[in-house]
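*Asks:* Okay, so here is structure.cif, and as you'll see once you scroll down, it has mmCIF, C-alpha atoms.
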data_upload
#
loop_
_atom_site.group_PDB
_atom_site.id
_atom_site.type_symbol
_atom_site.label_atom_id
_atom_site.label_comp_id
_atom_site.auth_asym_id
_atom_site.auth_seq_id
_atom_site.Cartn_x
_atom_site.Cartn_y
_atom_site.Cartn_z
ATOM 1 C CA MET A 1 -9.171 -15.893 -2.366
ATOM 2 C CA LYS A 2 -7.752 -12.404 -2.307
ATOM 3 C CA GLN A 3 -7.321 -12.002 -6.031
ATOM 4 C CA ILE A 4 -4.303 -9.708 -6.001
ATOM 5 C CA SER A 5 -2.256 -12.286 -4.114
ATOM 6 C CA TRP A 6 -2.939 -15.041 -6.596
ATOM 7 C CA MET A 7 -2.428 -12.707 -9.531
ATOM 8 C CA VAL A 8 1.089 -11.641 -8.550
ATOM 9 C CA VAL A 9 2.324 -14.597 -6.541
ATOM 10 C CA ALA A 10 4.502 -16.042 -9.294
ATOM 11 C CA ALA A 11 5.773 -12.626 -10.301
ATOM 12 C CA LEU A 12 6.967 -11.928 -6.781
ATOM 13 C CA ALA A 13 9.052 -15.059 -6.849
ATOM 14 C CA LEU A 14 11.307 -13.112 -9.235
ATOM 15 C CA ALA A 15 10.517 -9.450 -8.562
ATOM 16 C CA PRO A 16 13.445 -7.325 -7.304
ATOM 17 C CA LEU A 17 13.233 -4.990 -4.315
ATOM 18 C CA ALA A 18 12.437 -2.267 -6.841
ATOM 19 C CA GLY A 19 8.798 -3.459 -6.658
ATOM 20 C CA ALA A 20 6.109 -4.686 -9.038
ATOM 21 C CA GLN A 21 4.090 -2.854 -11.654
ATOM 22 C CA GLU A 22 0.338 -2.579 -11.546
ATOM 23 C CA ALA A 23 -1.377 -5.402 -13.433
ATOM 24 C CA GLU A 24 -3.111 -4.318 -16.620
ATOM 25 C CA PRO A 25 -6.909 -4.648 -16.491
ATOM 26 C CA GLY A 26 -8.307 -7.362 -18.721
ATOM 27 C CA PRO A 27 -11.083 -6.912 -21.262
ATOM 28 C CA SER A 28 -14.510 -6.257 -19.791
ATOM 29 C CA SER A 29 -17.027 -9.077 -19.940
ATOM 30 C CA THR A 30 -20.303 -10.114 -18.377
ATOM 31 C CA PRO A 31 -19.618 -11.701 -14.962
ATOM 32 C CA PRO A 32 -20.403 -15.428 -14.990
ATOM 33 C CA ALA A 33 -23.214 -16.761 -12.849
ATOM 34 C CA ARG A 34 -21.967 -17.814 -9.422
ATOM 35 C CA SER A 35 -22.039 -21.572 -8.825
ATOM 36 C CA VAL A 36 -20.764 -22.867 -5.488
ATOM 37 C CA GLU A 37 -20.941 -26.534 -4.523
ATOM 38 C CA ALA A 38 -21.754 -26.816 -0.813
ATOM 39 C CA ARG A 39 -19.343 -29.700 -0.076
ATOM 40 C CA ALA A 40 -16.362 -27.824 -1.500
ATOM 41 C CA GLU A 41 -17.200 -24.621 0.366
ATOM 42 C CA GLN A 42 -17.669 -26.609 3.574
ATOM 43 C CA GLU A 43 -14.229 -28.217 3.319
ATOM 44 C CA LEU A 44 -12.571 -24.884 2.578
ATOM 45 C CA LYS A 45 -14.337 -23.307 5.551
ATOM 46 C CA LYS A 46 -13.112 -26.090 7.860
ATOM 47 C CA MET A 47 -9.579 -25.463 6.666
ATOM 48 C CA GLY A 48 -9.890 -21.720 7.139
ATOM 49 C CA GLU A 49 -11.277 -22.042 10.663
ATOM 50 C CA PHE A 50 -8.537 -24.490 11.623
ATOM 51 C CA LEU A 51 -5.777 -22.186 10.385
ATOM 52 C CA ALA A 52 -7.405 -19.174 12.049
ATOM 53 C CA GLY A 53 -7.381 -21.011 15.375
ATOM 54 C CA LEU A 54 -3.643 -21.718 15.356
ATOM 55 C CA PRO A 55 -1.698 -19.298 17.613
ATOM 56 C CA HIS A 56 1.539 -20.105 15.817
ATOM 57 C CA PHE A 57 2.730 -22.406 13.033
ATOM 58 C CA ALA A 58 5.424 -22.923 10.430
ATOM 59 C CA LEU A 59 5.334 -24.422 6.957
ATOM 60 C CA GLU A 60 7.738 -25.436 4.226
ATOM 61 C CA ALA A 61 6.598 -25.434 0.611
ATOM 62 C CA GLU A 62 8.167 -26.301 -2.701
ATOM 63 C CA GLU A 63 6.979 -23.840 -5.328
ATOM 64 C CA THR A 64 7.121 -24.399 -9.077
ATOM 65 C CA PHE A 65 6.056 -21.962 -11.765
ATOM 66 C CA ASP A 66 6.185 -21.668 -15.530
ATOM 67 C CA GLU A 67 8.362 -19.206 -17.369
ATOM 68 C CA LEU A 68 7.359 -18.567 -20.981
ATOM 69 C CA PRO A 69 10.096 -16.580 -22.757
ATOM 70 C CA ASP A 70 9.011 -15.171 -26.117
ATOM 71 C CA GLY A 71 9.918 -17.549 -28.915
ATOM 72 C CA GLN A 72 11.374 -20.159 -26.566
ATOM 73 C CA LEU A 73 10.223 -23.363 -24.940
ATOM 74 C CA ARG A 74 8.253 -23.294 -21.716
ATOM 75 C CA ARG A 75 10.427 -23.949 -18.666
ATOM 76 C CA GLN A 76 9.536 -24.669 -15.057
ATOM 77 C CA LEU A 77 11.459 -23.151 -12.154
ATOM 78 C CA THR A 78 11.449 -24.059 -8.462
ATOM 79 C CA ASN A 79 11.916 -22.324 -5.108
ATOM 80 C CA VAL A 80 11.601 -23.620 -1.556
ATOM 81 C CA ARG A 81 9.806 -21.295 0.855
ATOM 82 C CA ARG A 82 9.660 -21.461 4.647
ATOM 83 C CA VAL A 83 7.219 -19.327 6.632
ATOM 84 C CA ALA A 84 6.695 -19.003 10.398
ATOM 85 C CA VAL A 85 3.735 -17.168 11.960
ATOM 86 C CA GLU A 86 2.946 -16.108 15.518
ATOM 87 C CA ARG A 87 -0.413 -14.388 15.764
ATOM 88 C CA PRO A 88 -1.328 -11.592 15.842
ATOM 89 C CA ASN A 89 1.791 -9.732 14.688
ATOM 90 C CA HIS A 90 4.870 -11.802 13.843
ATOM 91 C CA VAL A 91 5.952 -13.404 10.565
ATOM 92 C CA ALA A 92 9.304 -14.645 9.285
ATOM 93 C CA ALA A 93 9.892 -16.051 5.814
ATOM 94 C CA ASP A 94 12.771 -17.387 3.786
ATOM 95 C CA ALA A 95 12.910 -18.441 0.133
ATOM 96 C CA LYS A 96 15.698 -19.897 -1.951
ATOM 97 C CA GLY A 97 15.880 -21.601 -5.313
ATOM 98 C CA ASP A 98 16.142 -21.014 -9.039
ATOM 99 C CA THR A 99 15.078 -17.378 -8.975
ATOM 100 C CA LEU A 100 15.868 -15.788 -5.623
ATOM 101 C CA SER A 101 17.518 -15.928 -2.223
ATOM 102 C CA ARG A 102 15.530 -13.732 0.119
ATOM 103 C CA ALA A 103 14.286 -13.462 3.689
ATOM 104 C CA SER A 104 11.758 -11.196 5.418
ATOM 105 C CA TRP A 105 10.752 -10.367 8.967
ATOM 106 C CA TYR A 106 7.685 -8.697 10.494
ATOM 107 C CA ASP A 107 8.031 -7.964 14.225
ATOM 108 C CA GLY A 108 4.795 -6.072 14.871
ATOM 109 C CA ARG A 109 6.357 -2.685 14.098
ATOM 110 C CA THR A 110 8.431 -3.018 10.933
ATOM 111 C CA VAL A 111 8.857 -5.226 7.887
ATOM 112 C CA THR A 112 12.386 -5.913 6.659
ATOM 113 C CA VAL A 113 13.233 -7.653 3.379
ATOM 114 C CA LEU A 114 16.766 -8.948 2.800
ATOM 115 C CA ASP A 115 18.105 -9.829 -0.642
ATOM 116 C CA LYS A 116 20.741 -12.369 0.346
ATOM 117 C CA GLU A 117 22.301 -12.604 -3.088
ATOM 118 C CA HIS A 118 23.153 -8.898 -3.210
ATOM 119 C CA ASN A 119 23.324 -8.400 0.599
ATOM 120 C CA VAL A 120 20.960 -5.432 0.605
ATOM 121 C CA TYR A 121 17.848 -4.839 2.707
ATOM 122 C CA ALA A 122 14.966 -2.419 3.103
ATOM 123 C CA THR A 123 12.782 -1.685 6.119
ATOM 124 C CA ILE A 124 9.346 -0.068 6.309
ATOM 125 C CA GLU A 125 7.073 0.869 9.182
ATOM 126 C CA ALA A 126 4.180 -1.560 9.562
ATOM 127 C CA PRO A 127 0.779 -1.694 11.310
ATOM 128 C CA GLY A 128 0.255 -3.775 14.430
ATOM 129 C CA THR A 129 -1.394 -6.844 12.900
ATOM 130 C CA ILE A 130 -0.552 -9.382 10.207
ATOM 131 C CA ASP A 131 -3.715 -8.586 8.226
ATOM 132 C CA ALA A 132 -3.134 -4.828 8.162
ATOM 133 C CA THR A 133 0.532 -5.294 7.298
ATOM 134 C CA PHE A 134 -0.173 -7.567 4.336
ATOM 135 C CA ASP A 135 -2.806 -5.109 3.099
ATOM 136 C CA LYS A 136 -0.295 -2.245 3.312
ATOM 137 C CA LEU A 137 2.382 -4.205 1.472
ATOM 138 C CA THR A 138 -0.081 -5.002 -1.301
ATOM 139 C CA ASP A 139 -1.736 -1.597 -1.607
ATOM 140 C CA GLU A 140 1.291 0.661 -1.208
ATOM 141 C CA TYR A 141 4.234 -1.441 -2.341
ATOM 142 C CA GLY A 142 2.784 -4.055 -4.681
ATOM 143 C CA VAL A 143 4.432 -6.763 -2.580
ATOM 144 C CA VAL A 144 2.611 -9.998 -1.763
ATOM 145 C CA LEU A 145 4.200 -12.903 0.061
ATOM 146 C CA PRO A 146 3.366 -16.163 -1.733
ATOM 147 C CA LEU A 147 0.878 -18.269 0.266
ATOM 148 C CA VAL A 148 -0.172 -15.095 2.093
ATOM 149 C CA ASP A 149 -3.885 -15.943 1.908
ATOM 150 C CA LEU A 150 -3.286 -18.806 4.332
ATOM 151 C CA LEU A 151 -1.780 -16.463 6.942
ATOM 152 C CA TYR A 152 -4.669 -14.032 7.369
ATOM 153 C CA SER A 153 -6.834 -14.124 10.497
ATOM 154 C CA ASP A 154 -9.777 -15.337 8.357
ATOM 155 C CA PRO A 155 -8.314 -17.408 5.478
ATOM 156 C CA TYR A 156 -11.737 -18.609 4.346
ATOM 157 C CA ALA A 157 -13.059 -15.088 3.716
ATOM 158 C CA VAL A 158 -9.888 -14.060 1.878
ATOM 159 C CA LEU A 159 -9.841 -17.168 -0.292
ATOM 160 C CA MET A 160 -13.517 -16.926 -1.261
ATOM 161 C CA ALA A 161 -13.452 -13.243 -2.241
ATOM 162 C CA GLY A 162 -14.204 -12.954 -5.949
ATOM 163 C CA VAL A 163 -14.861 -16.679 -6.458
ATOM 164 C CA THR A 164 -17.527 -17.485 -9.047
ATOM 165 C CA TYR A 165 -17.269 -21.278 -9.376
ATOM 166 C CA VAL A 166 -16.507 -23.949 -6.763
ATOM 167 C CA ARG A 167 -16.466 -27.746 -7.129
ATOM 168 C CA TYR A 168 -15.558 -30.744 -4.964
ATOM 169 C CA LEU A 169 -13.435 -33.165 -7.038
ATOM 170 C CA GLY A 170 -13.103 -36.042 -4.563
ATOM 171 C CA LEU A 171 -10.317 -37.547 -2.448
ATOM 172 C CA HIS A 172 -6.919 -37.292 -4.121
ATOM 173 C CA GLN A 173 -3.300 -37.527 -2.964
ATOM 174 C CA ALA A 174 -1.108 -34.502 -2.220
ATOM 175 C CA ALA A 175 2.127 -34.351 -0.206
ATOM 176 C CA GLY A 176 1.695 -38.053 0.536
ATOM 177 C CA VAL A 177 -1.720 -37.839 2.222
ATOM 178 C CA ALA A 178 -5.367 -38.205 1.157
ATOM 179 C CA CYS A 179 -6.932 -34.803 0.590
ATOM 180 C CA HIS A 180 -10.212 -33.171 -0.327
ATOM 181 C CA HIS A 181 -9.539 -31.814 -3.809
ATOM 182 C CA LEU A 182 -11.335 -28.531 -4.472
ATOM 183 C CA ALA A 183 -11.510 -26.428 -7.644
ATOM 184 C CA PHE A 184 -12.289 -22.706 -7.922
ATOM 185 C CA SER A 185 -12.601 -20.069 -10.608
ATOM 186 C CA GLN A 186 -12.216 -16.296 -10.489
ATOM 187 C CA GLU A 187 -12.260 -13.596 -13.143
ATOM 188 C CA THR A 188 -8.800 -14.243 -14.592
ATOM 189 C CA ILE A 189 -7.569 -17.415 -12.897
ATOM 190 C CA GLU A 190 -8.535 -20.943 -11.977
ATOM 191 C CA TRP A 191 -7.109 -22.501 -8.841
ATOM 192 C CA GLN A 192 -7.175 -25.778 -6.965
ATOM 193 C CA ILE A 193 -6.441 -26.646 -3.357
ATOM 194 C CA TRP A 194 -5.908 -29.997 -1.667
ATOM 195 C CA VAL A 195 -7.028 -30.068 1.997
ATOM 196 C CA ASP A 196 -5.871 -32.847 4.322
ATOM 197 C CA ALA A 197 -8.788 -35.238 4.903
ATOM 198 C CA GLY A 198 -7.447 -36.285 8.321
ATOM 199 C CA GLU A 199 -8.087 -34.774 11.737
ATOM 200 C CA LYS A 200 -6.217 -31.568 10.887
ATOM 201 C CA PRO A 201 -7.611 -29.939 7.711
ATOM 202 C CA LEU A 202 -4.350 -28.388 6.572
ATOM 203 C CA PRO A 203 -3.792 -27.237 2.991
ATOM 204 C CA ARG A 204 -1.273 -29.539 1.323
ATOM 205 C CA LYS A 205 -1.118 -28.274 -2.253
ATOM 206 C CA LEU A 206 -2.126 -25.273 -4.349
ATOM 207 C CA VAL A 207 -2.221 -24.844 -8.122
ATOM 208 C CA ILE A 208 -3.064 -21.614 -9.949
ATOM 209 C CA THR A 209 -3.658 -21.425 -13.709
ATOM 210 C CA TYR A 210 -3.542 -18.027 -15.429
ATOM 211 C CA VAL A 211 -6.212 -18.788 -18.002
ATOM 212 C CA GLN A 212 -6.104 -15.399 -19.737
ATOM 213 C CA GLU A 213 -2.347 -15.476 -20.322
ATOM 214 C CA PRO A 214 -0.808 -16.985 -23.476
ATOM 215 C CA GLY A 215 0.047 -20.624 -22.817
ATOM 216 C CA GLU A 216 -1.947 -20.616 -19.544
ATOM 217 C CA PRO A 217 1.110 -20.739 -17.242
ATOM 218 C CA GLN A 218 0.794 -22.287 -13.790
ATOM 219 C CA TYR A 219 2.081 -21.709 -10.276
ATOM 220 C CA SER A 220 1.978 -24.563 -7.764
ATOM 221 C CA ALA A 221 3.068 -25.089 -4.180
ATOM 222 C CA VAL A 222 3.275 -28.408 -2.360
ATOM 223 C CA ILE A 223 3.352 -27.766 1.380
ATOM 224 C CA ARG A 224 5.563 -30.638 2.377
ATOM 225 C CA ARG A 225 5.907 -29.842 6.078
ATOM 226 C CA TRP A 226 3.715 -28.225 8.755
ATOM 227 C CA THR A 227 4.901 -27.495 12.320
ATOM 228 C CA LEU A 228 2.095 -26.605 14.705
ATOM 229 C CA ASP A 229 3.291 -27.294 18.244
ATOM 230 C CA ALA A 230 7.000 -26.478 18.379
ATOM 231 C CA LYS A 231 8.171 -23.598 20.561
ATOM 232 C CA VAL A 232 9.071 -20.528 18.539
ATOM 233 C CA PRO A 233 12.849 -19.981 18.680
ATOM 234 C CA GLU A 234 13.916 -16.778 20.394
ATOM 235 C CA GLY A 235 14.791 -14.042 17.948
ATOM 236 C CA LEU A 236 13.106 -15.724 14.980
ATOM 237 C CA PHE A 237 11.082 -12.629 14.120
ATOM 238 C CA THR A 238 13.889 -10.112 14.720
ATOM 239 C CA PHE A 239 16.073 -8.914 11.866
ATOM 240 C CA GLU A 240 19.803 -8.579 12.372
ATOM 241 C CA ALA A 241 21.720 -7.184 9.426
ATOM 242 C CA PRO A 242 24.411 -9.537 8.066
ATOM 243 C CA GLU A 243 27.971 -8.300 8.001
ATOM 244 C CA GLY A 244 28.490 -5.839 5.173
ATOM 245 C CA ALA A 245 24.776 -5.597 4.326
ATOM 246 C CA GLN A 246 23.710 -2.319 2.734
ATOM 247 C CA LYS A 247 20.440 -0.655 3.656
ATOM 248 C CA ILE A 248 18.535 0.774 0.700
ATOM 249 C CA ASP A 249 15.711 3.298 0.591
ATOM 250 C CA ALA A 250 12.384 1.595 1.291
ATOM 251 C CA GLN A 251 10.826 3.858 -1.340
ATOM 252 C CA ALA A 252 12.459 1.579 -3.908
ATOM 253 C CA MET A 253 9.849 -1.005 -2.907
ATOM 254 C CA ARG A 254 6.871 1.316 -3.335
ATOM 255 C CA ARG A 255 4.371 0.662 -6.131
ATOM 256 C CA PRO A 256 4.885 3.188 -8.963
ATOM 257 C CA GLU A 257 2.315 5.985 -9.039
ATOM 258 C CA ALA A 258 -0.158 6.207 -11.889
ATOM 259 C CA GLY A 259 1.547 7.545 -14.974
ATOM 260 C CA ASP A 260 5.009 6.555 -13.787
ATOM 261 C CA PRO A 261 6.275 3.644 -15.909
ATOM 262 C CA GLY A 262 8.395 2.465 -12.987
ATOM 263 C CA PRO A 263 11.146 -0.139 -13.128
ATOM 264 C CA THR A 264 11.269 -2.841 -15.771
ATOM 265 C CA GLU A 265 9.360 -5.959 -14.701
ATOM 266 C CA THR A 266 11.574 -9.043 -14.592
ATOM 267 C CA ALA A 267 8.889 -11.580 -13.750
ATOM 268 C CA PRO A 268 8.215 -14.520 -16.094
ATOM 269 C CA LYS A 269 5.548 -13.990 -18.705
ATOM 270 C CA GLY A 270 2.279 -15.102 -17.200
ATOM 271 C CA GLY A 271 3.255 -14.074 -13.682
ATOM 272 C CA ARG A 272 0.701 -11.284 -13.439
#
Using structure tokens, write down the structure from this file.
*Replies:*
Amino acid sequence: MKQISWMVVAALALAPLAGAQEAEPGPSSTPPARSVEARAEQELKKMGEFLAGLPHFALEAEETFDELPDGQLRRQLTNVRRVAVERPNHVAADAKGDTLSRASWYDGRTVTVLDKEHNVYATIEAPGTIDATFDKLTDEYGVVLPLVDLLYSDPYAVLMAGVTYVRYLGLHQAAGVACHHLAFSQETIEWQIWVDAGEKPLPRKLVITYVQEPGEPQYSAVIRRWTLDAKVPEGLFTFEAPEGAQKIDAQAMRRPEAGDPGPTETAPKGGR
């Protein structure tokens, strides 16, 4: 799993177009011995190869994540996210819920993000592939689309990067179907994934626990719908500005440079 995406996924559910701050490095420690159970790695690899072989697909996920305000009770918030992909260079996404109302489009040349609540948008030039575009958004702008690891051309390689511990937990239910339940550990997080045990090894649920954060907050996503065969609607990946929408400087999305304190982070505690 590409660690940066899991580390900021909950934060980006709330982060404004102003961008996200760099995560603070944790205390140094001796890396744990790597322990990977073959059955779990095998099931994850099947899932990754299946996703990589899909020319286009769409998913709908219900995301929940903990917010831990100082001195207050833990609360759980929810968003619904829809993502459509057409390889190698088209993505459209929409999210709405307790913390945001936002849409984004990647058409092979540009990425546009629209804040529906405030009717403002920003556009940046993008590389010609999904992988390179996601890497640019992460490296230069600190922006990571939740569930992004599943959209790369090689999901297995991205998901396994930095993993130190892998276990197969058996067949358990997720999104109403029997799934292979897999558990993983990385330097600062633990995560679980439920992979459909049927003919199509689709991911059905994800849970991330931020074990080094106070209260160990969690992010989870239940992928309640997959669409694999439907024809992609014309214009799905093309942005058209809503009436009255204001274009803002894309530099507002850029990750602050070292030494620049940048904008105040509005993400829930534990979202880094």
*Asks:* Produce a table with one row for each residue of stretch 177-252 of chain A that has an atom at most 12 Å from any atom of stretch 79-91 of chain A, each row naming the nearest atom pair and its distance in Å at one decimal; use all atoms listed in the file; arrange rows by chain and rising residue number; format as a Markdown table.
*Replies:*
| residue | atom | partner | partner_atom | distance |
| --- | --- | --- | --- | --- |
| A:Tyr219 | CA | A:Asn79 | CA | 11.1 |
| A:Ser220 | CA | A:Asn79 | CA | 10.5 |
| A:Ala221 | CA | A:Val80 | CA | 9.0 |
| A:Val222 | CA | A:Val80 | CA | 9.6 |
| A:Ile223 | CA | A:Arg81 | CA | 9.2 |
| A:Arg224 | CA | A:Val80 | CA | 10.1 |
| A:Arg225 | CA | A:Arg82 | CA | 9.3 |
| A:Trp226 | CA | A:Val83 | CA | 9.8 |
| A:Thr227 | CA | A:Ala84 | CA | 8.9 |
| A:Leu228 | CA | A:Ala84 | CA | 9.9 |
| A:Asp229 | CA | A:Glu86 | CA | 11.5 |
| A:Ala230 | CA | A:Ala84 | CA | 10.9 |
| A:Lys231 | CA | A:Glu86 | CA | 10.4 |
| A:Val232 | CA | A:Glu86 | CA | 8.1 |
| A:Pro233 | CA | A:Ala84 | CA | 10.4 |
| A:Gly235 | CA | A:His90 | CA | 11.0 |
| A:Leu236 | CA | A:Ala84 | CA | 8.5 |
| A:Phe237 | CA | A:His90 | CA | 6.3 |
| A:Thr238 | CA | A:His90 | CA | 9.2 |
| A:Phe239 | CA | A:Val91 | CA | 11.1 |
*Asks:* Write out the residues from the selection above, keeping C-alpha atoms, as a PDB file, in the coordinates of the input.
*Replies:*
ATOM      1  CA  TYR A 219       2.081 -21.709 -10.276  1.00  0.00           C
ATOM      2  CA  SER A 220       1.978 -24.563  -7.764  1.00  0.00           C
ATOM      3  CA  ALA A 221       3.068 -25.089  -4.180  1.00  0.00           C
ATOM      4  CA  VAL A 222       3.275 -28.408  -2.360  1.00  0.00           C
ATOM      5  CA  ILE A 223       3.352 -27.766   1.380  1.00  0.00           C
ATOM      6  CA  ARG A 224       5.563 -30.638   2.377  1.00  0.00           C
ATOM      7  CA  ARG A 225       5.907 -29.842   6.078  1.00  0.00           C
ATOM      8  CA  TRP A 226       3.715 -28.225   8.755  1.00  0.00           C
ATOM      9  CA  THR A 227       4.901 -27.495  12.320  1.00  0.00           C
ATOM     10  CA  LEU A 228       2.095 -26.605  14.705  1.00  0.00           C
ATOM     11  CA  ASP A 229       3.291 -27.294  18.244  1.00  0.00           C
ATOM     12  CA  ALA A 230       7.000 -26.478  18.379  1.00  0.00           C
ATOM     13  CA  LYS A 231       8.171 -23.598  20.561  1.00  0.00           C
ATOM     14  CA  VAL A 232       9.071 -20.528  18.539  1.00  0.00           C
ATOM     15  CA  PRO A 233      12.849 -19.981  18.680  1.00  0.00           C
ATOM     16  CA  GLY A 235      14.791 -14.042  17.948  1.00  0.00           C
ATOM     17  CA  LEU A 236      13.106 -15.724  14.980  1.00  0.00           C
ATOM     18  CA  PHE A 237      11.082 -12.629  14.120  1.00  0.00           C
ATOM     19  CA  THR A 238      13.889 -10.112  14.720  1.00  0.00           C
ATOM     20  CA  PHE A 239      16.073  -8.914  11.866  1.00  0.00           C
TER      21      PHE A 239
END
*Asks:* Smallest atom-to-atom distance to A:Asp149: which of A:Ala126, A:Leu171, A:Asp70, A:Asp131, using all atoms listed in the file?
*Replies:*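 Using all atoms listed in the file, the shortest distance to A:Asp149 belongs to A:Asp131.
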*Asks:* I need every residue sitting at most 8 Å from the point (-10.2, -31.2, 7.3) (coordinates as in the file, all atoms listed in the file considered), written as a PyMOL selection string.
*Replies:* chain A and resi 43+46-47+180+195-202
*Asks:* Pick from A:Gly108, A:Gly53, A:Gly128, A:Pro217: nearest to A:Asp66, with all atoms listed in the file counted?
*Replies:*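 For A:Asp66, the nearest of the given residues is A:Pro217.
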*Asks:* Expressed in Å to a single decimal, how great is the separation between atom CA of A:Glu125 and atom CA of A:Ala241?
*Replies:*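 Computing the Euclidean distance for atom CA of A:Glu125 and atom CA of A:Ala241 yields 16.7 Å.
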*Asks:* Would you list the contacts of A:Val36 as a compact mmCIF listing (two decimals) with C-alpha atoms, in the coordinates of the input, taking every protein, DNA or RNA residue within 12 Å and counting only C-alpha atoms, but skipping same-chain residues closer than 2 positions in sequence?
*Replies:*
# COMPACT_ATOMS: atom_id res chain seq x y z
CA ALA A 33 -23.21 -16.76 -12.85
CA ARG A 34 -21.97 -17.81 -9.42
CA ALA A 38 -21.75 -26.82 -0.81
CA ARG A 39 -19.34 -29.70 -0.08
CA ALA A 40 -16.36 -27.82 -1.50
CA GLU A 41 -17.20 -24.62 0.37
CA GLN A 42 -17.67 -26.61 3.57
CA LEU A 44 -12.57 -24.88 2.58
CA MET A 160 -13.52 -16.93 -1.26
CA GLY A 162 -14.20 -12.95 -5.95
CA VAL A 163 -14.86 -16.68 -6.46
CA THR A 164 -17.53 -17.48 -9.05
CA TYR A 165 -17.27 -21.28 -9.38
CA VAL A 166 -16.51 -23.95 -6.76
CA ARG A 167 -16.47 -27.75 -7.13
CA TYR A 168 -15.56 -30.74 -4.96
CA LEU A 182 -11.34 -28.53 -4.47
CA ALA A 183 -11.51 -26.43 -7.64
CA PHE A 184 -12.29 -22.71 -7.92
CA SER A 185 -12.60 -20.07 -10.61
CA GLN A 186 -12.22 -16.30 -10.49
*Asks:* Select all residues near (-10.2, -18.0, 5.8) (cut-off 9 Å, inclusive, file coordinates), counting only C-alpha atoms, and output them as number ranges by chain.
*Replies:* A: 1, 44-52, 149-160
*Asks:* Which polymer residues have any atom within 9 Å of an atom of A:Ile208, counting all atoms listed in the file, with same-chain residues fewer than 3 positions away left out, as a list in words?
*Replies:*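 Returned residues: Trp6, Met7, Ile189, Glu190, Trp191, Gln192, Ile193, Pro217, Gln218, Tyr219 and Ser220 of chain A.
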*Asks:* Name the residues that the PyMOL selection byres ((chain A and resi 115) around 12) pulls out of this structure, and write them as JSON, numbers by chain.
*Replies:* {"A": [14, 15, 16, 17, 18, 94, 95, 96, 99, 100, 101, 102, 103, 104, 112, 113, 114, 116, 117, 118, 119, 120, 121, 122, 123, 241, 242, 245, 246, 247, 248]}
*Asks:* Using atom CA of A:Lys205 and atom CA of A:Pro146 as the two end points, give the distance in Å to one decimal.
*Replies:* 12.9 Å
*Asks:* One number please: atom CA of A:Glu240 to atom CA of A:Ile130, in Å, one decimal.
*Replies:*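 For atom CA of A:Glu240 relative to atom CA of A:Ile130, the distance reads 20.5 Å.
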